[in-house]
Every structure is written in structure tokens, then in C-alpha cells.
file input-v3.cif (mmCIF, C-alpha atoms)
data_final
loop_
_atom_site.label_atom_id
_atom_site.label_comp_id
_atom_site.auth_asym_id
_atom_site.auth_seq_id
_atom_site.Cartn_x
_atom_site.Cartn_y
_atom_site.Cartn_z
CA MET U 11 84.45 58.79 -18.75
CA ASN U 12 83.08 62.31 -18.65
CA LYS U 13 83.67 63.84 -15.19
CA GLN U 14 80.07 64.97 -15.21
CA HIS U 15 79.03 61.32 -15.20
CA SER U 16 81.78 59.87 -12.99
CA PHE U 17 79.88 60.01 -9.71
CA ILE U 18 76.86 58.06 -10.97
CA SER U 19 76.55 54.86 -8.95
CA GLN U 20 75.95 51.47 -10.48
CA ASP U 21 72.49 51.43 -8.87
CA GLU U 22 71.59 54.54 -10.83
CA SER U 23 72.31 52.83 -14.13
CA GLU U 24 68.76 51.51 -13.72
CA LEU U 25 67.08 54.13 -11.56
CA LYS U 26 63.99 52.69 -9.87
CA VAL U 27 61.72 55.12 -8.07
CA ILE U 28 59.18 52.54 -6.88
CA LYS U 29 59.95 51.20 -3.43
CA PRO U 30 59.97 47.41 -2.98
CA TYR U 31 56.89 46.09 -1.20
CA ARG U 32 56.99 46.02 2.58
CA PHE U 33 54.42 45.58 5.30
CA ILE U 34 53.17 48.89 6.74
CA PRO U 35 51.08 48.80 9.94
CA LYS U 36 47.63 50.38 9.79
CA HIS U 37 48.48 52.93 12.47
CA ASP U 38 51.49 54.07 10.44
CA ILE U 39 49.40 54.49 7.29
CA GLU U 40 46.79 56.46 9.25
CA ARG U 41 49.49 58.68 10.79
CA ARG U 42 50.97 59.45 7.39
CA ALA U 43 47.55 60.30 5.94
CA THR U 44 46.93 62.68 8.84
CA ASP U 45 50.41 64.18 8.39
CA VAL U 46 49.54 65.08 4.79
CA LEU U 47 46.31 66.75 5.90
CA MET U 48 48.20 68.75 8.52
CA TYR U 49 50.92 69.66 6.01
CA VAL U 50 48.39 71.10 3.58
CA GLN U 51 46.47 72.79 6.40
CA ALA U 52 49.68 74.54 7.53
CA LYS U 53 49.95 76.14 4.08
CA ARG U 54 46.41 77.58 4.26
CA ARG U 55 44.87 80.50 6.07
CA LEU U 56 41.43 78.90 6.25
CA PRO U 57 40.64 75.45 7.70
CA LEU U 58 40.26 72.54 5.32
CA LYS U 59 36.65 71.79 4.46
CA TRP U 60 34.84 68.50 3.92
CA PRO U 61 34.16 66.88 1.58
CA ILE U 62 37.88 67.05 0.90
CA ASP U 63 38.77 68.13 -2.64
CA ALA U 64 41.32 65.41 -3.37
CA GLY U 65 42.42 67.10 -6.60
CA TYR U 66 43.25 70.27 -4.69
CA MET U 67 45.15 68.21 -2.12
CA ALA U 68 47.20 66.55 -4.87
CA GLU U 69 48.09 69.94 -6.34
CA ALA U 70 49.04 71.22 -2.88
CA LEU U 71 51.56 68.36 -2.78
CA GLY U 72 53.03 69.51 -6.10
CA LEU U 73 51.27 66.88 -8.22
CA ASP U 74 49.63 67.70 -11.54
CA MET U 75 46.27 66.11 -12.42
CA ASP U 76 45.21 64.86 -15.83
CA CYS U 77 42.71 62.48 -17.38
CA GLY U 78 43.05 60.13 -20.33
CA GLU U 79 42.15 56.73 -21.70
CA ILE U 80 44.23 53.99 -20.08
CA PRO U 81 43.63 50.58 -21.71
CA ALA U 82 43.69 47.40 -19.66
CA ASP U 83 46.74 45.17 -19.90
CA GLU U 84 47.27 41.44 -19.38
CA TYR U 85 46.80 41.88 -15.62
CA GLY U 86 43.44 43.63 -15.87
CA ALA U 87 41.88 47.09 -15.67
CA ILE U 88 44.00 50.10 -14.75
CA ALA U 89 42.16 52.74 -12.73
CA ALA U 90 44.91 55.37 -12.91
CA MET U 91 48.65 55.81 -13.23
CA ILE U 92 51.34 58.03 -11.81
CA LEU U 93 54.18 59.44 -13.87
CA PRO U 94 56.62 59.81 -10.94
CA THR U 95 59.28 61.95 -12.57
CA GLU U 96 56.65 64.27 -14.04
CA ARG U 97 54.86 64.42 -10.68
CA LYS U 98 51.60 63.74 -12.47
CA ILE U 99 48.52 61.63 -11.72
CA ILE U 100 46.50 60.48 -14.73
CA MET U 101 42.99 59.20 -14.05
CA ASN U 102 41.38 56.74 -16.43
CA GLU U 103 38.58 58.65 -18.15
CA ASN U 104 36.67 55.36 -18.54
CA HIS U 105 36.13 55.39 -14.76
CA ARG U 106 34.66 58.89 -14.51
CA ASP U 107 30.99 57.84 -14.69
CA LEU U 108 31.12 55.86 -11.45
CA PRO U 109 29.19 56.68 -8.23
CA GLN U 110 29.67 59.94 -6.34
CA GLY U 111 32.68 59.73 -4.08
CA PHE U 112 34.56 57.30 -6.33
CA GLU U 113 36.66 59.97 -8.05
CA GLU U 114 37.77 61.54 -4.76
CA SER U 115 38.60 58.10 -3.41
CA SER U 116 40.58 57.27 -6.56
CA ILE U 117 42.64 60.47 -6.37
CA ALA U 118 43.24 59.96 -2.64
CA HIS U 119 44.33 56.41 -3.49
CA GLU U 120 46.92 57.77 -5.91
CA ILE U 121 48.13 60.25 -3.29
CA GLY U 122 48.57 57.21 -1.04
CA HIS U 123 50.79 55.57 -3.64
CA TRP U 124 52.80 58.79 -3.98
CA ILE U 125 53.36 59.01 -0.23
CA LEU U 126 53.84 55.33 0.58
CA HIS U 127 55.34 53.70 -2.48
CA ILE U 128 57.31 56.22 -4.52
CA ASP U 129 60.83 57.08 -3.42
CA GLN U 130 60.87 60.87 -3.38
CA ASN U 131 64.66 60.95 -3.09
CA LYS U 132 64.98 58.84 -6.24
CA VAL U 133 62.58 61.15 -8.08
CA SER U 134 64.73 64.14 -7.08
CA ARG U 135 67.85 62.27 -8.18
CA PHE U 136 66.28 61.50 -11.56
CA LEU U 137 65.57 65.19 -12.10
CA GLU U 138 69.17 66.05 -11.16
CA LEU U 139 70.50 63.56 -13.72
CA GLN U 140 68.09 64.92 -16.32
CA GLU U 141 69.41 68.44 -15.76
CA MET U 142 72.92 67.06 -16.32
CA GLY U 143 71.81 65.72 -19.70
CA ILE U 144 71.77 62.09 -18.56
CA GLU U 145 68.70 60.35 -19.92
CA LYS U 146 66.98 57.76 -17.76
CA THR U 147 63.74 55.88 -18.29
CA VAL U 148 61.29 55.48 -15.43
CA GLU U 149 58.22 53.31 -15.91
CA PRO U 150 54.80 54.71 -14.92
CA PHE U 151 53.24 53.45 -11.71
CA LEU U 152 50.03 51.61 -12.61
CA CYS U 153 47.10 51.44 -10.21
CA ARG U 154 44.85 48.41 -10.52
CA SER U 155 41.09 48.30 -10.14
CA VAL U 156 39.55 48.10 -6.69
CA SER U 157 38.46 44.48 -7.20
CA THR U 158 42.08 43.31 -7.39
CA GLN U 159 43.36 45.16 -4.33
CA GLN U 160 46.10 43.45 -2.40
CA GLY U 161 49.52 44.41 -1.12
CA ILE U 162 50.39 47.96 -2.11
CA GLU U 163 46.91 48.51 -3.57
CA TRP U 164 45.33 47.71 -0.22
CA GLN U 165 47.79 50.03 1.51
CA ALA U 166 46.94 52.90 -0.85
CA GLN U 167 43.21 52.33 -0.38
CA TYR U 168 43.56 52.28 3.39
CA PHE U 169 45.50 55.55 3.12
CA ALA U 170 42.66 57.01 1.03
CA SER U 171 40.11 55.94 3.64
CA CYS U 172 42.10 57.56 6.47
CA PHE U 173 42.73 60.63 4.31
CA LEU U 174 39.11 61.29 3.35
CA MET U 175 37.70 60.14 6.71
CA PRO U 176 40.29 61.02 9.35
CA LEU U 177 39.44 60.01 12.89
CA PHE U 178 39.04 63.59 14.11
CA LYS U 179 36.50 64.32 11.35
CA LEU U 180 34.57 61.09 11.94
CA GLU U 181 34.30 61.93 15.63
CA GLU U 182 32.81 65.27 14.61
CA VAL U 183 30.25 64.07 12.05
CA GLN U 184 28.97 61.16 14.16
CA ARG U 185 27.86 63.42 17.01
CA GLY U 186 24.08 63.35 17.42
CA ARG U 187 23.77 60.40 15.05
CA ASN U 188 23.02 56.74 15.63
CA LEU U 189 25.59 54.66 13.79
CA THR U 190 23.23 51.67 13.68
CA ILE U 191 20.73 53.52 11.48
CA TRP U 192 21.42 53.46 7.73
CA LYS U 193 19.77 56.86 7.22
CA HIS U 194 22.33 58.40 9.57
CA LEU U 195 25.22 56.67 7.78
CA TYR U 196 24.01 57.97 4.42
CA ALA U 197 23.90 61.50 5.85
CA MET U 198 27.46 61.05 7.11
CA LYS U 199 28.72 59.75 3.77
CA ASP U 200 27.24 62.81 2.01
CA GLU U 201 28.91 65.12 4.52
CA LEU U 202 32.24 63.34 4.02
CA GLY U 203 31.90 63.01 0.23
CA VAL U 204 32.60 59.27 0.15
CA THR U 205 30.70 56.18 -0.96
CA ILE U 206 28.54 54.33 1.55
CA SER U 207 30.78 51.30 1.05
CA ASN U 208 33.89 53.29 1.99
CA LEU U 209 32.21 54.70 5.09
CA LYS U 210 30.85 51.33 6.17
CA ASN U 211 34.27 49.70 5.81
CA ARG U 212 35.99 52.53 7.68
CA LEU U 213 33.56 52.38 10.62
CA GLN U 214 33.85 48.59 10.82
CA ASP U 215 37.64 48.81 10.72
CA LEU U 216 37.54 51.26 13.65
CA GLY U 217 35.26 48.89 15.53
CA TRP U 218 32.47 51.48 15.74
CA ILE U 219 29.92 49.22 14.01
CA SER U 220 29.55 45.57 13.12
CA ILE U 221 27.59 44.19 10.14
CA PRO U 222 27.40 40.39 9.84
CA LYS U 223 28.35 39.07 6.42
CA GLY U 224 25.34 38.92 4.11
CA SER U 225 23.22 41.04 6.46
CA LYS U 226 22.07 44.65 6.42
CA GLN U 227 21.58 44.74 10.19
CA ILE U 228 23.99 47.14 11.88
CA TYR U 229 25.19 46.50 15.42
CA PRO U 230 27.32 48.78 17.58
CA GLY U 231 30.98 47.82 17.69
CA LYS U 232 33.12 47.31 20.76
CA THR U 233 34.68 50.77 20.41
CA ALA U 234 31.54 52.66 19.37
CA PRO U 235 31.80 56.30 20.50
CA ASN U 236 29.55 58.13 22.96
CA GLY U 237 28.04 55.08 24.58
CA GLN U 238 26.49 53.80 21.35
CA THR U 239 27.12 50.21 22.48
CA ASN U 240 23.59 50.26 23.92
CA LEU U 241 21.92 51.39 20.68
CA PHE U 242 20.25 49.05 18.21
CA ASN U 243 18.98 49.41 14.67
CA ARG U 244 15.50 50.77 14.20
#
call {"tool": "encode", "arguments": {"input": "input-v3.cif", "output": "C-alpha cells"}}
result
Amino acid sequence: MNKQHSFISQDESELKVIKPYRFIPKHDIERRATDVLMYVQAKRRLPLKWPIDAGYMAEALGLDMDCGEIPADEYGAIAAMILPTERKIIMNENHRDLPQGFEESSIAHEIGHWILHIDQNKVSRFLELQEMGIEKTVEPFLCRSVSTQQGIEWQAQYFASCFLMPLFKLEEVQRGRNLTIWKHLYAMKDELGVTISNLKNRLQDLGWISIPKGSKQIYPGKTAPNGQTNLFNR
């Protein structure tokens, strides 16, 4: 055996850069999303602005962005894919005509996969082997459509929600607004650059509002900020 290859472990004969699925608590996902924001902020002279430019954030993490046609497979539609060893996110161009805020959410979702589900050490190891002339094949990471979210897809979407709507920013934009009034929520979603669905889900998850299933009536949640527990929809 060539000495150059002699230290390659048996595990590296099939190098897998995708981490096996594991449960990640919500608070850990939120912390990691905030860590990324703080990491990028530390590299800038000026404060980050909202709506967050998710494409810029991806590039700040060393990820290239591209767009192309990604056909569905036997498991359904593919919203995007990551080429881990090329450090590239490819968005499905067929999804580009969706509502405002969807593209940013989709890119943030892919950043979530990159942070939570791709083994950065394995990616670095792949590049080392490549420089040594050892060819390895790494499959692309496919991201399914929102309607099929579960497991790692749910984790990445929760990351995207925390990333685009971090708690400190939500506390800022809700000041002077009544969270039980739809008009105020729509103003917040424009300021944050997200969809109304994403904002509604985020606020309900935080316990700031409550919307009964099948209803459009908004009630204050148990943890509503600034005493909004006494406010009602108008």
C-alpha cells in the first residue's frame, strides 16, 4: 500500500459527511442560530440589519449560492440541495416564484442543515483526501418540501425561524404593537422579511400569542411580553 494512503481508516473508505439523526432540543437549536448571527456580526463593522439577507449570511459562512432546476424524485419535491464538499447551496429555481419571505426562509433552512446536520470535520477530511489525490464520492444533501417536514427537516426549519426572527429582534419589533391585531402582525412580518405564517408560528411557539385551530381570532399567550395578556383582538 502506498504510504500516502496507509493512514486512511476503514471508516473513511465510505466517507459520510451527513450526521445520523438525533434529537436536538429547541433551546439548543435557538442557541446555535443566535451563535451564527453573532459570528457574522463579529466580522462586520456595522450592525446586521433586518430583514436579514440570508444569501449574504450563507456567503459569510463560506457557502456559495447557486440556483438550478432540481427535479422531484420518488420521495417528492426537492426544495434545495447542499453539495457539502463544494460548500455550495443550490436552490430549486422552480420555487423562486413563491411568496415574499419564502426564499430567505429557504436559504436560512439550508444554513440550518449546514450547521446542524453536516459534519464539518468530515468535510475538511474529504478535502484533505482530495488534495492527496484520493477520490471519494459524497452524495448531495437533499432538502424536502415544507409540506413533508419531519425529523431533520423540522430541525432545519426551526433553526431558520430562530435565525430570521431571533428573540432579541422580536422583542424590539413588537414594542408599541398589539400582538392580537393582525394588522400589527403584518407590519412585523414586513419588518422581519418573513411570511405571515412563519411569524405566526414563531410567536405561538414562544407562547406570545394563541390562535385556536381553524380560527383567525388571536389571543395573548401566557408569556406575552409587556403585559399584553390583558389585550384582546379588535
call {"tool": "closest_residue", "arguments": {"input": "input-v3.cif", "among": "U:Ala82, U:Ile99, U:Ile92, U:Ala87", "to": "Gly65 (chain U)", "atoms": "all atoms listed in the file"}}
result
U:Ile99
call {"tool": "atom_distance", "arguments": {"input": "input-v3.cif", "atom1": "CA of Ile162 (chain U)", "atom2": "CA of Ser207 (chain U)"}}
result
20.1 Å
call {"tool": "resolve_selection", "arguments": {"input": "input-v3.cif", "expression": "the PyMOL selection byres ((chain U and resi 200) around 12)", "output": "PyMOL selection string"}}
result
chain U and resi 60-62+110-111+175+183+193-199+201-206+208-209
call {"tool": "closest_residue", "arguments": {"input": "input-v3.cif", "among": "U:Cys77, U:Val133, U:Glu141, U:Phe173", "to": "Val50 (chain U)", "atoms": "all atoms listed in the file"}}
result
U:Phe173
call {"tool": "resolve_selection", "arguments": {"input": "input-v3.cif", "expression": "the PyMOL selection byres ((chain U and resi 28) around 10)", "output": "VMD selection string"}}
result
chain U and resid 25 to 27 29 to 31 94 123 to 124 126 to 130 132 to 133 148 to 151
call {"tool": "residues_around", "arguments": {"input": "input-v3.cif", "residues": "Asn102 (chain U)", "least_positions_apart": "3", "cutoff": "12 Å", "atoms": "all atoms listed in the file", "output": "PDB file with C-alpha atoms, in the frame of the given file"}}
result
ATOM      1  CA  MET U  75      46.270  66.110 -12.420  1.00  0.00           C
ATOM      2  CA  ASP U  76      45.210  64.860 -15.830  1.00  0.00           C
ATOM      3  CA  CYS U  77      42.710  62.480 -17.380  1.00  0.00           C
ATOM      4  CA  GLY U  78      43.050  60.130 -20.330  1.00  0.00           C
ATOM      5  CA  GLU U  79      42.150  56.730 -21.700  1.00  0.00           C
ATOM      6  CA  ILE U  80      44.230  53.990 -20.080  1.00  0.00           C
ATOM      7  CA  PRO U  81      43.630  50.580 -21.710  1.00  0.00           C
ATOM      8  CA  ALA U  82      43.690  47.400 -19.660  1.00  0.00           C
ATOM      9  CA  ALA U  87      41.880  47.090 -15.670  1.00  0.00           C
ATOM     10  CA  ILE U  88      44.000  50.100 -14.750  1.00  0.00           C
ATOM     11  CA  ALA U  89      42.160  52.740 -12.730  1.00  0.00           C
ATOM     12  CA  ALA U  90      44.910  55.370 -12.910  1.00  0.00           C
ATOM     13  CA  MET U  91      48.650  55.810 -13.230  1.00  0.00           C
ATOM     14  CA  ILE U  92      51.340  58.030 -11.810  1.00  0.00           C
ATOM     15  CA  ILE U  99      48.520  61.630 -11.720  1.00  0.00           C
ATOM     16  CA  HIS U 105      36.130  55.390 -14.760  1.00  0.00           C
ATOM     17  CA  ARG U 106      34.660  58.890 -14.510  1.00  0.00           C
ATOM     18  CA  ASP U 107      30.990  57.840 -14.690  1.00  0.00           C
ATOM     19  CA  LEU U 108      31.120  55.860 -11.450  1.00  0.00           C
ATOM     20  CA  GLU U 113      36.660  59.970  -8.050  1.00  0.00           C
ATOM     21  CA  SER U 116      40.580  57.270  -6.560  1.00  0.00           C
ATOM     22  CA  ILE U 117      42.640  60.470  -6.370  1.00  0.00           C
ATOM     23  CA  GLU U 120      46.920  57.770  -5.910  1.00  0.00           C
ATOM     24  CA  LEU U 152      50.030  51.610 -12.610  1.00  0.00           C
ATOM     25  CA  CYS U 153      47.100  51.440 -10.210  1.00  0.00           C
ATOM     26  CA  ARG U 154      44.850  48.410 -10.520  1.00  0.00           C
ATOM     27  CA  SER U 155      41.090  48.300 -10.140  1.00  0.00           C
TER      28      SER U 155
END
call {"tool": "atom_distance", "arguments": {"input": "input-v3.cif", "atom1": "CA of Gln167 (chain U)", "atom2": "CA of Ile34 (chain U)"}}
result
12.7 Å
call {"tool": "atom_distance", "arguments": {"input": "input-v3.cif", "atom1": "CA of Gln184 (chain U)", "atom2": "CA of Pro235 (chain U)"}}
result
8.5 Å
call {"tool": "closest_residue", "arguments": {"input": "input-v3.cif", "among": "U:Leu56, U:Leu189, U:Ile228, U:Leu73", "to": "Ile100 (chain U)", "atoms": "all atoms listed in the file"}}
result
U:Leu73
call {"tool": "residues_around", "arguments": {"input": "input-v3.cif", "residues": "Leu177 (chain U)", "least_positions_apart": "3", "cutoff": "12 Å", "atoms": "only C-alpha atoms", "output": "ChimeraX atom specification"}}
result
/U:37,40-41,43-44,47,171-174,180-184,202,209,212-213,215-216,218,235
call {"tool": "decode", "arguments": {"input": "input-v3.cif", "residues": "region 83-99 of chain U", "atoms": "N, CA, C and O atoms", "output": "PDB file, in the first residue's frame"}}
result
ATOM      1  N   ASP U  83     -37.953  13.494  -6.925  1.00  0.00           N
ATOM      2  CA  ASP U  83     -37.606  12.078  -7.004  1.00  0.00           C
ATOM      3  C   ASP U  83     -38.753  11.248  -6.443  1.00  0.00           C
ATOM      4  O   ASP U  83     -39.864  11.770  -6.247  1.00  0.00           O
ATOM      5  N   GLU U  84     -38.523   9.977  -6.180  1.00  0.00           N
ATOM      6  CA  GLU U  84     -39.603   9.097  -5.737  1.00  0.00           C
ATOM      7  C   GLU U  84     -40.173   9.483  -4.374  1.00  0.00           C
ATOM      8  O   GLU U  84     -41.256   9.043  -3.987  1.00  0.00           O
ATOM      9  N   TYR U  85     -39.438  10.325  -3.631  1.00  0.00           N
ATOM     10  CA  TYR U  85     -39.906  10.743  -2.308  1.00  0.00           C
ATOM     11  C   TYR U  85     -40.621  12.085  -2.336  1.00  0.00           C
ATOM     12  O   TYR U  85     -41.121  12.547  -1.318  1.00  0.00           O
ATOM     13  N   GLY U  86     -40.655  12.742  -3.487  1.00  0.00           N
ATOM     14  CA  GLY U  86     -41.365  14.004  -3.592  1.00  0.00           C
ATOM     15  C   GLY U  86     -40.500  15.160  -4.040  1.00  0.00           C
ATOM     16  O   GLY U  86     -39.368  14.974  -4.511  1.00  0.00           O
ATOM     17  N   ALA U  87     -41.045  16.376  -3.890  1.00  0.00           N
ATOM     18  CA  ALA U  87     -40.374  17.592  -4.346  1.00  0.00           C
ATOM     19  C   ALA U  87     -39.128  17.874  -3.520  1.00  0.00           C
ATOM     20  O   ALA U  87     -39.068  17.573  -2.334  1.00  0.00           O
ATOM     21  N   ILE U  88     -38.136  18.457  -4.179  1.00  0.00           N
ATOM     22  CA  ILE U  88     -36.879  18.839  -3.526  1.00  0.00           C
ATOM     23  C   ILE U  88     -36.755  20.359  -3.617  1.00  0.00           C
ATOM     24  O   ILE U  88     -36.680  20.923  -4.704  1.00  0.00           O
ATOM     25  N   ALA U  89     -36.777  21.020  -2.472  1.00  0.00           N
ATOM     26  CA  ALA U  89     -36.743  22.482  -2.450  1.00  0.00           C
ATOM     27  C   ALA U  89     -35.356  23.023  -2.745  1.00  0.00           C
ATOM     28  O   ALA U  89     -35.201  24.086  -3.339  1.00  0.00           O
ATOM     29  N   ALA U  90     -34.328  22.293  -2.310  1.00  0.00           N
ATOM     30  CA  ALA U  90     -32.943  22.753  -2.477  1.00  0.00           C
ATOM     31  C   ALA U  90     -32.024  21.589  -2.177  1.00  0.00           C
ATOM     32  O   ALA U  90     -32.462  20.522  -1.716  1.00  0.00           O
ATOM     33  N   MET U  91     -30.736  21.775  -2.439  1.00  0.00           N
ATOM     34  CA  MET U  91     -29.768  20.756  -2.041  1.00  0.00           C
ATOM     35  C   MET U  91     -28.448  21.424  -1.698  1.00  0.00           C
ATOM     36  O   MET U  91     -28.149  22.528  -2.154  1.00  0.00           O
ATOM     37  N   ILE U  92     -27.693  20.725  -0.866  1.00  0.00           N
ATOM     38  CA  ILE U  92     -26.373  21.197  -0.479  1.00  0.00           C
ATOM     39  C   ILE U  92     -25.343  20.225  -1.040  1.00  0.00           C
ATOM     40  O   ILE U  92     -25.504  19.005  -0.934  1.00  0.00           O
ATOM     41  N   LEU U  93     -24.315  20.778  -1.667  1.00  0.00           N
ATOM     42  CA  LEU U  93     -23.165  19.985  -2.078  1.00  0.00           C
ATOM     43  C   LEU U  93     -22.102  20.201  -1.000  1.00  0.00           C
ATOM     44  O   LEU U  93     -21.366  21.199  -1.045  1.00  0.00           O
ATOM     45  N   PRO U  94     -22.046  19.332   0.012  1.00  0.00           N
ATOM     46  CA  PRO U  94     -21.228  19.600   1.204  1.00  0.00           C
ATOM     47  C   PRO U  94     -19.760  19.861   0.916  1.00  0.00           C
ATOM     48  O   PRO U  94     -19.179  20.812   1.451  1.00  0.00           O
ATOM     49  N   THR U  95     -19.156  19.032   0.069  1.00  0.00           N
ATOM     50  CA  THR U  95     -17.717  19.168  -0.152  1.00  0.00           C
ATOM     51  C   THR U  95     -17.375  20.339  -1.071  1.00  0.00           C
ATOM     52  O   THR U  95     -16.223  20.752  -1.142  1.00  0.00           O
ATOM     53  N   GLU U  96     -18.379  20.883  -1.748  1.00  0.00           N
ATOM     54  CA  GLU U  96     -18.178  22.092  -2.543  1.00  0.00           C
ATOM     55  C   GLU U  96     -18.617  23.336  -1.769  1.00  0.00           C
ATOM     56  O   GLU U  96     -18.483  24.453  -2.266  1.00  0.00           O
ATOM     57  N   ARG U  97     -19.149  23.108  -0.571  1.00  0.00           N
ATOM     58  CA  ARG U  97     -19.662  24.195   0.264  1.00  0.00           C
ATOM     59  C   ARG U  97     -20.610  25.080  -0.547  1.00  0.00           C
ATOM     60  O   ARG U  97     -20.466  26.305  -0.597  1.00  0.00           O
ATOM     61  N   LYS U  98     -21.597  24.432  -1.159  1.00  0.00           N
ATOM     62  CA  LYS U  98     -22.500  25.150  -2.056  1.00  0.00           C
ATOM     63  C   LYS U  98     -23.951  24.768  -1.769  1.00  0.00           C
ATOM     64  O   LYS U  98     -24.276  23.607  -1.566  1.00  0.00           O
ATOM     65  N   ILE U  99     -24.812  25.804  -1.752  1.00  0.00           N
ATOM     66  CA  ILE U  99     -26.255  25.618  -1.637  1.00  0.00           C
ATOM     67  C   ILE U  99     -26.865  25.891  -3.006  1.00  0.00           C
ATOM     68  O   ILE U  99     -26.595  26.927  -3.618  1.00  0.00           O
TER      69      ILE U  99
END
